[in-house]
$ cat final_0.txt   # compact mmCIF, C-alpha atoms (C1' of nucleotides)
# COMPACT_ATOMS: atom_id res chain seq x y z
CA MET N 1 -37.72 4.50 -11.49
CA ALA N 2 -34.88 6.39 -9.91
CA THR N 3 -35.00 4.00 -6.99
CA ASP N 4 -35.09 1.00 -9.28
CA ASP N 5 -31.98 2.21 -11.03
CA ARG N 6 -30.14 2.97 -7.88
CA LEU N 7 -30.82 -0.28 -6.11
CA GLY N 8 -31.16 -2.48 -9.13
CA LYS N 9 -34.30 -3.96 -7.59
CA ARG N 10 -37.36 -2.58 -5.82
CA PRO N 11 -37.42 -3.21 -2.05
CA GLU N 12 -40.14 -5.49 -0.81
CA ARG N 13 -43.39 -4.87 0.98
CA ASP N 14 -42.65 -3.57 4.47
CA GLU N 15 -39.55 -1.70 3.39
CA GLU N 16 -41.62 0.64 1.26
CA ALA N 17 -41.80 3.22 4.00
CA VAL N 18 -38.06 3.18 4.44
CA ALA N 19 -37.56 3.45 0.71
CA ARG N 20 -39.92 6.43 0.55
CA ARG N 21 -38.05 8.25 3.29
CA ASP N 22 -34.73 7.64 1.57
CA GLU N 23 -36.20 8.82 -1.69
CA GLU N 24 -37.41 12.03 -0.10
CA ALA N 25 -34.01 12.59 1.43
CA ALA N 26 -32.51 12.00 -1.98
CA VAL N 27 -34.62 14.76 -3.41
CA ARG N 28 -33.16 17.25 -0.97
CA ARG N 29 -29.63 15.91 -1.41
CA ASP N 30 -27.42 17.01 -4.23
CA GLU N 31 -26.46 13.45 -5.01
CA GLU N 32 -23.69 14.46 -7.34
CA ALA N 33 -22.02 16.62 -4.72
CA VAL N 34 -22.45 13.87 -2.16
CA ALA N 35 -20.83 11.35 -4.48
CA ARG N 36 -17.92 13.73 -5.00
CA PHE N 37 -17.50 14.03 -1.26
CA VAL N 38 -17.58 10.25 -0.86
CA GLU N 39 -14.85 9.80 -3.44
CA ARG N 40 -12.75 12.61 -2.10
CA PHE N 41 -12.85 11.51 1.50
CA ALA N 42 -12.33 7.88 0.53
CA GLY N 43 -9.34 8.97 -1.52
CA GLU N 44 -7.82 10.71 1.46
CA LEU N 45 -8.31 7.64 3.62
CA THR N 46 -6.77 5.51 0.89
CA GLN N 47 -3.74 7.77 0.71
CA ALA N 48 -3.32 7.22 4.44
CA GLY N 49 -3.13 3.49 3.86
CA MET N 50 -6.70 2.23 4.04
CA GLN N 51 -7.85 -0.28 1.44
CA ARG N 52 -9.54 1.54 -1.39
CA MET N 53 -12.82 -0.32 -1.42
CA ALA N 54 -13.06 -0.34 2.36
CA ALA N 55 -12.58 3.40 2.35
CA ARG N 56 -15.28 3.93 -0.28
CA VAL N 57 -17.76 1.72 1.55
CA PHE N 58 -16.98 3.48 4.79
CA ALA N 59 -17.51 6.89 3.23
CA ALA N 60 -20.75 5.76 1.61
CA LEU N 61 -22.06 4.57 4.96
CA LEU N 62 -21.01 7.83 6.55
CA VAL N 63 -23.16 9.86 4.17
CA SER N 64 -26.12 7.48 4.21
CA GLU N 65 -28.99 8.94 6.16
CA GLY N 66 -29.34 5.96 8.48
CA ALA N 67 -25.62 5.13 8.76
CA ALA N 68 -26.55 1.77 7.24
CA MET N 69 -26.80 0.22 3.78
CA THR N 70 -27.35 -3.15 2.19
CA ALA N 71 -24.80 -4.84 -0.02
CA ALA N 72 -26.94 -4.16 -3.08
CA GLU N 73 -27.18 -0.46 -2.25
CA LEU N 74 -23.45 -0.21 -1.74
CA GLY N 75 -22.70 -2.05 -4.95
CA GLY N 76 -25.17 0.05 -6.92
CA GLN N 77 -24.03 3.36 -5.56
CA LEU N 78 -20.30 2.74 -5.77
CA ARG N 79 -20.55 0.72 -8.98
CA ILE N 80 -18.66 -2.26 -7.63
CA SER N 81 -19.26 -6.00 -7.73
CA PRO N 82 -20.77 -8.00 -4.85
CA ALA N 83 -17.34 -9.54 -4.40
CA ALA N 84 -15.80 -6.14 -3.81
CA VAL N 85 -18.53 -5.26 -1.33
CA SER N 86 -17.95 -8.53 0.45
CA GLY N 87 -14.24 -7.90 0.76
CA ALA N 88 -14.70 -4.36 1.99
CA VAL N 89 -17.29 -5.20 4.63
CA ARG N 90 -15.21 -8.12 5.82
CA TYR N 91 -12.34 -5.75 6.46
CA LEU N 92 -14.52 -3.11 8.11
CA THR N 93 -16.08 -5.76 10.29
CA GLN N 94 -12.70 -7.12 11.32
CA VAL N 95 -11.48 -3.73 12.45
CA ASN N 96 -14.80 -3.18 14.20
CA MET N 97 -15.86 -0.11 12.29
CA ILE N 98 -19.17 -1.56 11.15
CA GLY N 99 -21.59 -4.23 12.31
CA ARG N 100 -24.02 -6.34 10.36
CA GLU N 101 -27.71 -6.52 11.05
CA ARG N 102 -30.53 -8.31 9.37
CA ASP N 103 -34.11 -7.17 9.17
CA PRO N 104 -35.84 -10.18 10.71
CA GLY N 105 -37.29 -12.40 8.02
CA SER N 106 -35.01 -11.17 5.28
CA ARG N 107 -31.85 -12.53 3.83
CA ARG N 108 -30.46 -9.10 3.12
CA GLU N 109 -27.82 -7.97 5.48
CA ARG N 110 -27.47 -4.33 6.45
CA TYR N 111 -24.07 -2.94 7.28
CA VAL N 112 -24.19 -0.42 10.06
CA LEU N 113 -21.60 2.11 11.11
CA HIS N 114 -20.61 1.39 14.68
CA GLU N 115 -21.41 4.04 17.19
CA GLY N 116 -18.07 3.88 19.02
CA MET N 117 -16.21 3.55 15.75
CA TRP N 118 -13.44 6.02 16.48
CA TYR N 119 -12.77 4.40 19.78
CA GLU N 120 -12.22 1.13 17.94
CA VAL N 121 -9.99 2.71 15.35
CA PHE N 122 -7.77 4.29 17.93
CA THR N 123 -7.65 1.23 20.08
CA ARG N 124 -6.31 -0.52 17.02
CA ARG N 125 -3.71 2.19 16.48
CA ASP N 126 -2.79 1.81 20.07
CA GLU N 127 -2.18 -1.90 19.65
CA ILE N 128 0.10 -1.19 16.74
CA LEU N 129 2.13 1.27 18.78
CA ASN N 130 2.35 -1.30 21.51
CA ARG N 131 3.64 -3.95 19.15
CA TRP N 132 6.27 -1.53 17.93
CA GLN N 133 7.20 -0.76 21.49
CA LYS N 134 7.77 -4.42 22.24
CA THR N 135 9.86 -4.97 19.16
CA LEU N 136 11.93 -1.92 20.03
CA ARG N 137 12.56 -3.10 23.59
CA GLU N 138 13.84 -6.37 22.24
CA GLY N 139 15.99 -4.50 19.77
CA ALA N 140 17.43 -2.34 22.52
CA GLU N 141 18.33 -5.47 24.40
CA THR N 142 20.08 -7.20 21.50
CA LEU N 143 22.10 -4.05 20.91
CA GLY N 144 22.90 -3.53 24.55
CA VAL N 145 21.78 -0.52 26.54
CA ASP N 146 25.38 0.61 26.90
CA THR N 147 25.67 1.30 23.18
CA ALA N 148 24.53 4.49 21.52
CA ALA N 149 22.23 2.55 19.21
CA GLY N 150 20.74 0.59 22.07
CA ALA N 151 20.04 3.75 24.03
CA ARG N 152 18.50 5.40 21.01
CA ILE N 153 16.21 2.46 20.40
CA ALA N 154 15.25 2.30 24.04
CA GLU N 155 14.28 5.94 23.91
CA THR N 156 12.15 5.32 20.86
CA ALA N 157 10.44 2.50 22.71
CA GLU N 158 9.79 4.82 25.58
CA PHE N 159 8.28 7.35 23.23
CA PHE N 160 5.77 4.82 22.02
CA GLN N 161 4.97 3.74 25.53
CA PHE N 162 4.38 7.36 26.40
CA LEU N 163 2.06 7.70 23.41
CA HIS N 164 0.23 4.58 24.45
CA GLY N 165 -0.71 6.10 27.78
CA GLU N 166 -1.62 9.41 26.20
CA LEU N 167 -3.85 7.86 23.56
CA LEU N 168 -5.99 6.12 26.14
CA GLN N 169 -6.41 9.37 28.01
CA ILE N 170 -7.33 11.19 24.84
CA MET N 171 -10.15 8.81 24.11
CA ASP N 172 -11.52 9.36 27.59
CA ARG N 173 -11.27 13.09 27.16
CA TRP N 174 -13.08 12.87 23.84
CA ARG N 175 -15.98 11.12 25.51
CA GLU N 176 -16.06 13.82 28.15
CA HIS N 177 -15.84 16.50 25.51
CA LYS N 178 -18.67 14.97 23.55
CA ALA N 179 -20.82 14.58 26.65
CA ALA N 180 -20.19 18.21 27.56
CA THR N 181 -20.69 19.85 24.15
CA GLY N 182 -22.75 17.34 22.17
CA MET X 183 38.21 -8.38 4.44
CA ALA X 184 34.97 -8.44 6.30
CA THR X 185 34.86 -4.67 6.00
CA ASP X 186 35.64 -4.83 2.32
CA ASP X 187 32.74 -7.17 1.74
CA ARG X 188 30.33 -5.11 3.74
CA LEU X 189 31.10 -1.81 2.13
CA GLY X 190 32.18 -3.06 -1.24
CA LYS X 191 35.18 -0.78 -1.02
CA ARG X 192 37.71 0.09 1.64
CA PRO X 193 37.25 3.54 3.20
CA GLU X 194 39.98 6.03 2.50
CA ARG X 195 42.77 7.36 4.62
CA ASP X 196 41.31 9.51 7.38
CA GLU X 197 38.23 7.33 7.74
CA GLU X 198 40.32 4.44 8.92
CA ALA X 199 39.76 5.35 12.54
CA VAL X 200 36.03 5.47 12.05
CA ALA X 201 36.10 2.16 10.25
CA ARG X 202 38.08 0.59 13.06
CA ARG X 203 35.63 1.82 15.68
CA ASP X 204 32.71 0.42 13.68
CA GLU X 205 34.53 -2.84 13.24
CA GLU X 206 35.11 -3.12 16.96
CA ALA X 207 31.47 -2.39 17.62
CA ALA X 208 30.61 -5.06 15.09
CA VAL X 209 32.59 -7.57 17.07
CA ARG X 210 30.48 -6.95 20.12
CA ARG X 211 27.25 -6.87 18.14
CA ASP X 212 25.46 -10.02 17.16
CA GLU X 213 25.08 -8.82 13.59
CA GLU X 214 22.67 -11.54 12.70
CA ALA X 215 20.31 -10.68 15.54
CA VAL X 216 20.60 -7.01 14.66
CA ALA X 217 19.71 -7.72 11.05
CA ARG X 218 16.68 -9.71 12.18
CA PHE X 219 15.59 -6.78 14.31
CA VAL X 220 16.02 -4.40 11.41
CA GLU X 221 13.88 -6.54 9.14
CA ARG X 222 11.26 -7.14 11.76
CA PHE X 223 10.84 -3.54 12.76
CA ALA X 224 10.92 -2.42 9.14
CA GLY X 225 8.24 -4.98 8.41
CA GLU X 226 6.03 -3.58 11.11
CA LEU X 227 6.47 -0.07 9.78
CA THR X 228 5.69 -1.32 6.29
CA GLN X 229 2.50 -2.96 7.49
CA ALA X 230 1.47 0.39 8.91
CA GLY X 231 1.80 1.93 5.46
CA MET X 232 5.42 3.07 5.19
CA GLN X 233 7.29 2.38 1.97
CA ARG X 234 9.26 -0.83 2.34
CA MET X 235 12.69 0.47 1.40
CA ALA X 236 12.24 3.65 3.40
CA ALA X 237 11.33 1.57 6.42
CA ARG X 238 14.38 -0.66 6.01
CA VAL X 239 16.72 2.29 5.60
CA PHE X 240 15.20 3.97 8.61
CA ALA X 241 15.60 0.84 10.73
CA ALA X 242 19.18 0.41 9.57
CA LEU X 243 19.99 3.97 10.58
CA LEU X 244 18.31 3.41 13.91
CA VAL X 245 20.62 0.52 14.78
CA SER X 246 23.76 2.13 13.39
CA GLU X 247 26.05 3.21 16.17
CA GLY X 248 26.28 6.81 14.97
CA ALA X 249 22.69 7.15 13.71
CA ALA X 250 24.26 7.79 10.32
CA MET X 251 25.32 5.77 7.29
CA THR X 252 26.53 6.33 3.76
CA ALA X 253 24.64 5.16 0.70
CA ALA X 254 27.21 2.44 0.09
CA GLU X 255 26.86 1.15 3.63
CA LEU X 256 23.10 1.10 3.39
CA GLY X 257 23.16 -0.64 0.04
CA GLY X 258 25.67 -3.20 1.23
CA GLN X 259 23.95 -3.98 4.47
CA LEU X 260 20.42 -4.14 3.12
CA ARG X 261 21.45 -5.68 -0.19
CA ILE X 262 19.72 -3.11 -2.32
CA SER X 263 20.77 -1.10 -5.34
CA PRO X 264 21.99 2.51 -5.22
CA ALA X 265 18.73 3.45 -6.93
CA ALA X 266 16.70 1.95 -4.11
CA VAL X 267 18.82 3.77 -1.54
CA SER X 268 18.32 7.00 -3.42
CA GLY X 269 14.55 6.59 -3.48
CA ALA X 270 14.36 5.71 0.19
CA VAL X 271 16.51 8.59 1.38
CA ARG X 272 14.62 10.99 -0.83
CA TYR X 273 11.41 9.96 0.89
CA LEU X 274 12.92 10.08 4.38
CA THR X 275 14.34 13.51 3.63
CA GLN X 276 11.01 14.80 2.37
CA VAL X 277 9.23 13.75 5.54
CA ASN X 278 12.07 15.22 7.54
CA MET X 279 13.11 12.06 9.31
CA ILE X 280 16.71 12.22 8.16
CA GLY X 281 19.17 14.84 7.02
CA ARG X 282 22.17 14.59 4.74
CA GLU X 283 25.67 15.57 5.68
CA ARG X 284 28.97 15.37 3.90
CA ASP X 285 32.35 14.85 5.45
CA PRO X 286 34.16 17.94 4.16
CA GLY X 287 36.32 17.01 1.23
CA SER X 288 34.40 13.91 0.31
CA ARG X 289 31.73 13.22 -2.22
CA ARG X 290 30.07 10.62 -0.07
CA GLU X 291 26.94 11.73 1.58
CA ARG X 292 26.01 10.52 5.03
CA TYR X 293 22.37 10.17 5.94
CA VAL X 294 21.69 11.12 9.51
CA LEU X 295 18.67 10.39 11.66
CA HIS X 296 17.12 13.68 12.72
CA GLU X 297 17.10 14.39 16.38
CA GLY X 298 13.54 15.69 16.53
CA MET X 299 12.35 12.99 14.18
CA TRP X 300 9.22 11.99 16.06
CA TYR X 301 8.13 15.54 16.30
CA GLU X 302 8.30 15.73 12.51
CA VAL X 303 6.44 12.50 12.04
CA PHE X 304 3.61 13.56 14.26
CA THR X 305 3.40 17.00 12.81
CA ARG X 306 2.88 15.27 9.49
CA ARG X 307 0.13 13.07 10.95
CA ASP X 308 -1.42 16.17 12.33
CA GLU X 309 -1.56 17.77 8.91
CA ILE X 310 -3.30 14.72 7.54
CA LEU X 311 -5.92 14.85 10.25
CA ASN X 312 -6.42 18.50 9.50
CA ARG X 313 -6.96 17.85 5.83
CA TRP X 314 -9.56 15.22 6.71
CA GLN X 315 -11.22 17.65 9.04
CA LYS X 316 -11.57 20.22 6.27
CA THR X 317 -12.97 17.72 3.83
CA LEU X 318 -15.45 16.55 6.44
CA ARG X 319 -16.63 20.07 7.20
CA GLU X 320 -17.33 20.61 3.53
CA GLY X 321 -19.14 17.28 3.41
CA ALA X 322 -21.27 18.21 6.38
CA GLU X 323 -22.23 21.39 4.58
CA THR X 324 -23.23 19.72 1.33
CA LEU X 325 -25.37 17.28 3.28
CA GLY X 326 -26.91 19.93 5.47
CA VAL X 327 -26.47 20.08 9.20
CA ASP X 328 -30.17 19.36 9.70
CA THR X 329 -29.79 15.86 8.27
CA ALA X 330 -28.66 12.87 10.30
CA ALA X 331 -25.80 12.25 7.88
CA GLY X 332 -24.72 15.89 8.01
CA ALA X 333 -24.69 15.87 11.78
CA ARG X 334 -22.75 12.63 11.85
CA ILE X 335 -20.12 13.99 9.52
CA ALA X 336 -19.88 17.22 11.45
CA GLU X 337 -19.24 15.23 14.59
CA THR X 338 -16.51 13.27 12.87
CA ALA X 339 -14.94 16.55 11.80
CA GLU X 340 -15.08 17.73 15.35
CA PHE X 341 -13.39 14.57 16.53
CA PHE X 342 -10.46 15.22 14.26
CA GLN X 343 -10.25 18.82 15.32
CA PHE X 344 -10.18 17.64 18.91
CA LEU X 345 -7.39 15.22 18.08
CA HIS X 346 -5.48 17.99 16.37
CA GLY X 347 -5.37 20.02 19.54
CA GLU X 348 -4.50 17.01 21.65
CA LEU X 349 -1.66 15.88 19.41
CA LEU X 350 0.11 19.19 19.72
CA GLN X 351 -0.16 19.04 23.50
CA ILE X 352 1.15 15.50 23.53
CA MET X 353 4.30 16.49 21.72
CA ASP X 354 4.90 19.24 24.23
CA ARG X 355 4.35 16.82 27.07
CA TRP X 356 6.76 14.36 25.52
CA ARG X 357 9.46 16.99 25.50
CA GLU X 358 8.75 17.75 29.14
CA HIS X 359 8.73 14.07 29.95
CA LYS X 360 12.04 13.55 28.22
CA ALA X 361 13.57 16.55 29.91
CA ALA X 362 12.38 15.28 33.29
CA THR X 363 13.34 11.61 32.99
CA GLY X 364 16.01 11.51 30.27
C1' DG I 365 38.99 21.68 -16.98
C1' DA I 366 39.37 16.73 -17.38
C1' DC I 367 38.84 12.76 -14.53
C1' DT I 368 36.40 10.03 -11.54
C1' DA I 369 33.67 8.93 -7.35
C1' DC I 370 29.25 9.30 -6.08
C1' DT I 371 24.26 10.14 -6.70
C1' DT I 372 20.05 10.53 -9.26
C1' DT I 373 16.92 9.53 -12.95
C1' DC I 374 14.59 6.61 -16.10
C1' DA I 375 12.70 2.67 -18.64
C1' DC I 376 11.46 -1.68 -17.84
C1' DA I 377 10.86 -6.37 -15.63
C1' DA I 378 9.00 -8.56 -11.74
C1' DA I 379 6.02 -8.82 -8.01
C1' DA I 380 2.12 -7.57 -5.48
C1' DT I 381 -2.44 -5.83 -5.24
C1' DT I 382 -7.05 -5.05 -6.67
C1' DC I 383 -11.36 -6.07 -8.74
C1' DT I 384 -14.30 -9.04 -11.39
C1' DG I 385 -17.19 -12.94 -13.12
C1' DA I 386 -18.46 -17.26 -12.01
C1' DA I 387 -18.97 -21.05 -9.12
C1' DG I 388 -19.91 -22.40 -4.42
C1' DT I 389 -22.24 -21.96 0.06
C1' DT I 390 -25.79 -20.74 3.24
C1' DA I 391 -30.25 -20.13 4.92
C1' DA I 392 -35.26 -18.18 4.28
C1' DG I 393 -39.69 -19.48 2.56
C1' DG I 394 -42.58 -22.21 0.47
C1' DC V 395 -36.72 -30.82 1.33
C1' DC V 396 -36.63 -27.87 -2.73
C1' DT V 397 -36.12 -23.34 -4.49
C1' DT V 398 -33.87 -19.32 -4.67
C1' DA V 399 -32.09 -14.82 -2.78
C1' DA V 400 -28.09 -13.27 -0.82
C1' DC V 401 -23.48 -13.60 0.49
C1' DT V 402 -18.70 -15.53 0.01
C1' DT V 403 -14.83 -17.57 -2.17
C1' DC V 404 -11.71 -18.20 -5.87
C1' DA V 405 -9.04 -18.04 -10.17
C1' DG V 406 -7.50 -14.95 -13.17
C1' DA V 407 -7.17 -10.28 -15.82
C1' DA V 408 -5.82 -5.67 -15.21
C1' DT V 409 -3.58 -2.27 -12.84
C1' DT V 410 -0.26 -0.49 -9.72
C1' DT V 411 3.86 -0.64 -7.15
C1' DT V 412 8.50 -1.79 -6.43
C1' DG V 413 13.33 -2.46 -7.36
C1' DT V 414 16.91 -2.89 -10.80
C1' DG V 415 20.51 -1.91 -14.36
C1' DA V 416 22.15 1.44 -17.06
C1' DA V 417 22.61 6.04 -18.50
C1' DA V 418 22.93 10.70 -17.12
C1' DG V 419 24.08 14.20 -13.95
C1' DT V 420 27.01 16.48 -10.22
C1' DA V 421 30.79 17.88 -7.79
C1' DG V 422 35.41 17.06 -5.58
C1' DT V 423 40.47 16.41 -6.97
C1' DC V 424 44.43 16.58 -9.51
$ encode --input "final_0.txt" --output "structure tokens"
Amino acid sequence: MATDDRLGKRPERDEEAVARRDEEAAVRRDEEAVARFVERFAGELTQAGMQRMAARVFAALLVSEGAAMTAAELGGQLRISPAAVSGAVRYLTQVNMIGRERDPGSRRERYVLHEGMWYEVFTRRDEILNRWQKTLREGAETLGVDTAAGARIAETAEFFQFLHGELLQIMDRWREHKAATG
Amino acid sequence: MATDDRLGKRPERDEEAVARRDEEAAVRRDEEAVARFVERFAGELTQAGMQRMAARVFAALLVSEGAAMTAAELGGQLRISPAAVSGAVRYLTQVNMIGRERDPGSRRERYVLHEGMWYEVFTRRDEILNRWQKTLREGAETLGVDTAAGARIAETAEFFQFLHGELLQIMDRWREHKAATG
DNA sequence: GACTACTTTCACAAAATTCTGAAGTTAAGG
DNA sequence: CCTTAACTTCAGAATTTTGTGAAAGTAGTC
């Protein structure tokens, strides 16, 4: 009953076991508090510039016990249309934060949080910084390095280049850190 | 004539010298190429989530010879209303990227790029990461650290805490780097 | 202390974005 | 191959954001 409501449709045969586990987890979980957390964290990501629906889907996956959900589950839980789910997962797939799997012999897709997600996210950031750096170098050139503005822009470019190198190192260090403590 | 068009109004008496210097600089500058750079860089900042007008004003200041411009200059060059200038500089002031000065005995304000601008920007980023970290810790608690989801969220929180520490170090290193090479 | 140059605020029009229902597409299973 | 579950695309409604003109506010100057 509760499951039917949540998913809109009962899972089929061999997914019963999975459904039962999820249901048991749900009993222990304060679903209302979890939903609040999802919305809050998604809101913070949205404020930082992430698409709203993508942020909500991401947060929902983050709190899901298996780090994976189907489109129907996402739609049911977040109360959004299949179209909205589709758009969100397309974005998250593009930026390599999630992958899509399919239980063999099913037409349902499952969206799975990528393991190395943060690495992907920061690699992306890094590319952005690099693009800025390039644009700035060009700008410095058109202004002329002998002008105050040109020098200022060149320094900004250098700052981003510096960051670029540092970011890569940070990701390495995080992996070390995780290996050491986790 | 050209100056009149650009500023909408001729500068007064003791600013003549300044105007003449700017005009001379303008002769050397390929203003069209500079404008393209301004729009391009501003566009990139906008894509990354910065308000459009704030990004344009910032870019304009960046290419200005003195790292400073008046509202009239900004409005004239970017073709935007005084209201838009006001909104943009308010934002840039709030995030501590620019300051406002006033030539004594004038009612014109000059908006000046802050020296330690990037430090400010990254401090701000850092605060955002910290807010996320807090939210995530709370989330991990409501889910329970014994659950897979709880553990996953706790790890994410730890990642951001790690980044927090690293970011601060990076800014220090940048200052060193600048002192050493600049 | 009135005048006026400059800046800010505010209400609104325009533009962009976001989400939905519905139609279209794809592919699993008979 | 036909059926149908599941996903995607698309046109449009609703909301939000953005930038403007105009009015209001502020502070130098005479």
$ closest_residue --input "final_0.txt" --among "X:Gly269, X:Gly298, X:Gly281, X:Gly364" --to "chain V" --atoms "only C-alpha atoms (C1' of nucleotides)"
X:Gly269
$ residues_around --input "final_0.txt" --residues "range 369-383 of chain I" --least-positions-apart "4" --cutoff "8 Å" --atoms "only C-alpha atoms (C1' of nucleotides)" --output "list of chain:residue names"
N:Ser81, N:Ala84, X:Ala265, X:Ser268, X:Arg289, X:Arg290, V:DT409, V:DT410, V:DT411, V:DT412, V:DA418, V:DG419, V:DT420
$ residues_near_point --input "final_0.txt" --point "(33.0, 17.7, -4.5)" --cutoff "8 Å" --atoms "only C-alpha atoms (C1' of nucleotides)" --output "compact mmCIF listing (two decimals) with C-alpha atoms (C1' of nucleotides), keeping the file's coordinate frame"
# COMPACT_ATOMS: atom_id res chain seq x y z
CA GLY X 287 36.32 17.01 1.23
CA SER X 288 34.40 13.91 0.31
CA ARG X 289 31.73 13.22 -2.22
C1' DA V 421 30.79 17.88 -7.79
C1' DG V 422 35.41 17.06 -5.58
C1' DT V 423 40.47 16.41 -6.97
$ closest_atom_pairs --input "final_0.txt" --of "chain I" --to "chain N" --cutoff "12 Å" --atoms "all atoms listed in the file" --output "JSON lines"
{"residue": "I:DT381", "atom": "C1'", "partner": "N:Gln51", "partner_atom": "CA", "distance": 10.2}
{"residue": "I:DT382", "atom": "C1'", "partner": "N:Arg52", "partner_atom": "CA", "distance": 8.8}
{"residue": "I:DC383", "atom": "C1'", "partner": "N:Ala84", "partner_atom": "CA", "distance": 6.6}
{"residue": "I:DT384", "atom": "C1'", "partner": "N:Ser81", "partner_atom": "CA", "distance": 6.9}
{"residue": "I:DG385", "atom": "C1'", "partner": "N:Ser81", "partner_atom": "CA", "distance": 9.0}
{"residue": "I:DA386", "atom": "C1'", "partner": "N:Ala83", "partner_atom": "CA", "distance": 10.9}
{"residue": "I:DT390", "atom": "C1'", "partner": "N:Arg107", "partner_atom": "CA", "distance": 10.2}
{"residue": "I:DA391", "atom": "C1'", "partner": "N:Arg107", "partner_atom": "CA", "distance": 7.8}
{"residue": "I:DA392", "atom": "C1'", "partner": "N:Arg107", "partner_atom": "CA", "distance": 6.6}
{"residue": "I:DG393", "atom": "C1'", "partner": "N:Gly105", "partner_atom": "CA", "distance": 9.3}
$ interface_residues --input "final_0.txt" --of "chain N" --to "chain X" --cutoff "9 Å" --atoms "all atoms listed in the file" --output "MDAnalysis selection string"
chainID N and resid 25 28:30 33:34 37:38 40:41 44:45 48:50 62:67 118 128 131:132 135:136 138:140 142:144 147:150 152:153 155:156 159 162:163 166 170 174 177:178 182
$ closest_residue --input "final_0.txt" --among "V:DC396, V:DT414, V:DA408, V:DC424" --to "chain X" --atoms "only C-alpha atoms (C1' of nucleotides)"
V:DT414
$ closest_residue --input "final_0.txt" --among "N:Thr70, N:Gln77, N:Thr46, N:Thr181" --to "chain V" --atoms "only C-alpha atoms (C1' of nucleotides)"
N:Thr70
$ atom_distance --input "final_0.txt" --atom1 "CA of Arg56 in chain N" --atom2 "CA of Leu74 in chain N"
9.3 Å
$ interface_residues --input "final_0.txt" --of "chain V" --to "chain N" --cutoff "12 Å" --atoms "only C-alpha atoms (C1' of nucleotides)" --output "PDB file with C-alpha atoms (C1' of nucleotides), in the frame of the given file"
ATOM      1  C1'  DT V 398     -33.870 -19.320  -4.670  1.00  0.00           C
ATOM      2  C1'  DA V 399     -32.090 -14.820  -2.780  1.00  0.00           C
ATOM      3  C1'  DA V 400     -28.090 -13.270  -0.820  1.00  0.00           C
ATOM      4  C1'  DC V 401     -23.480 -13.600   0.490  1.00  0.00           C
ATOM      5  C1'  DT V 402     -18.700 -15.530   0.010  1.00  0.00           C
ATOM      6  C1'  DT V 403     -14.830 -17.570  -2.170  1.00  0.00           C
ATOM      7  C1'  DC V 404     -11.710 -18.200  -5.870  1.00  0.00           C
TER       8       DC V 404
END
$ atom_distance --input "final_0.txt" --atom1 "CA of Val112 in chain N" --atom2 "CA of Ala60 in chain N"
11.0 Å
$ atom_distance --input "final_0.txt" --atom1 "CA of Glu309 in chain X" --atom2 "CA of His346 in chain X"
8.4 Å
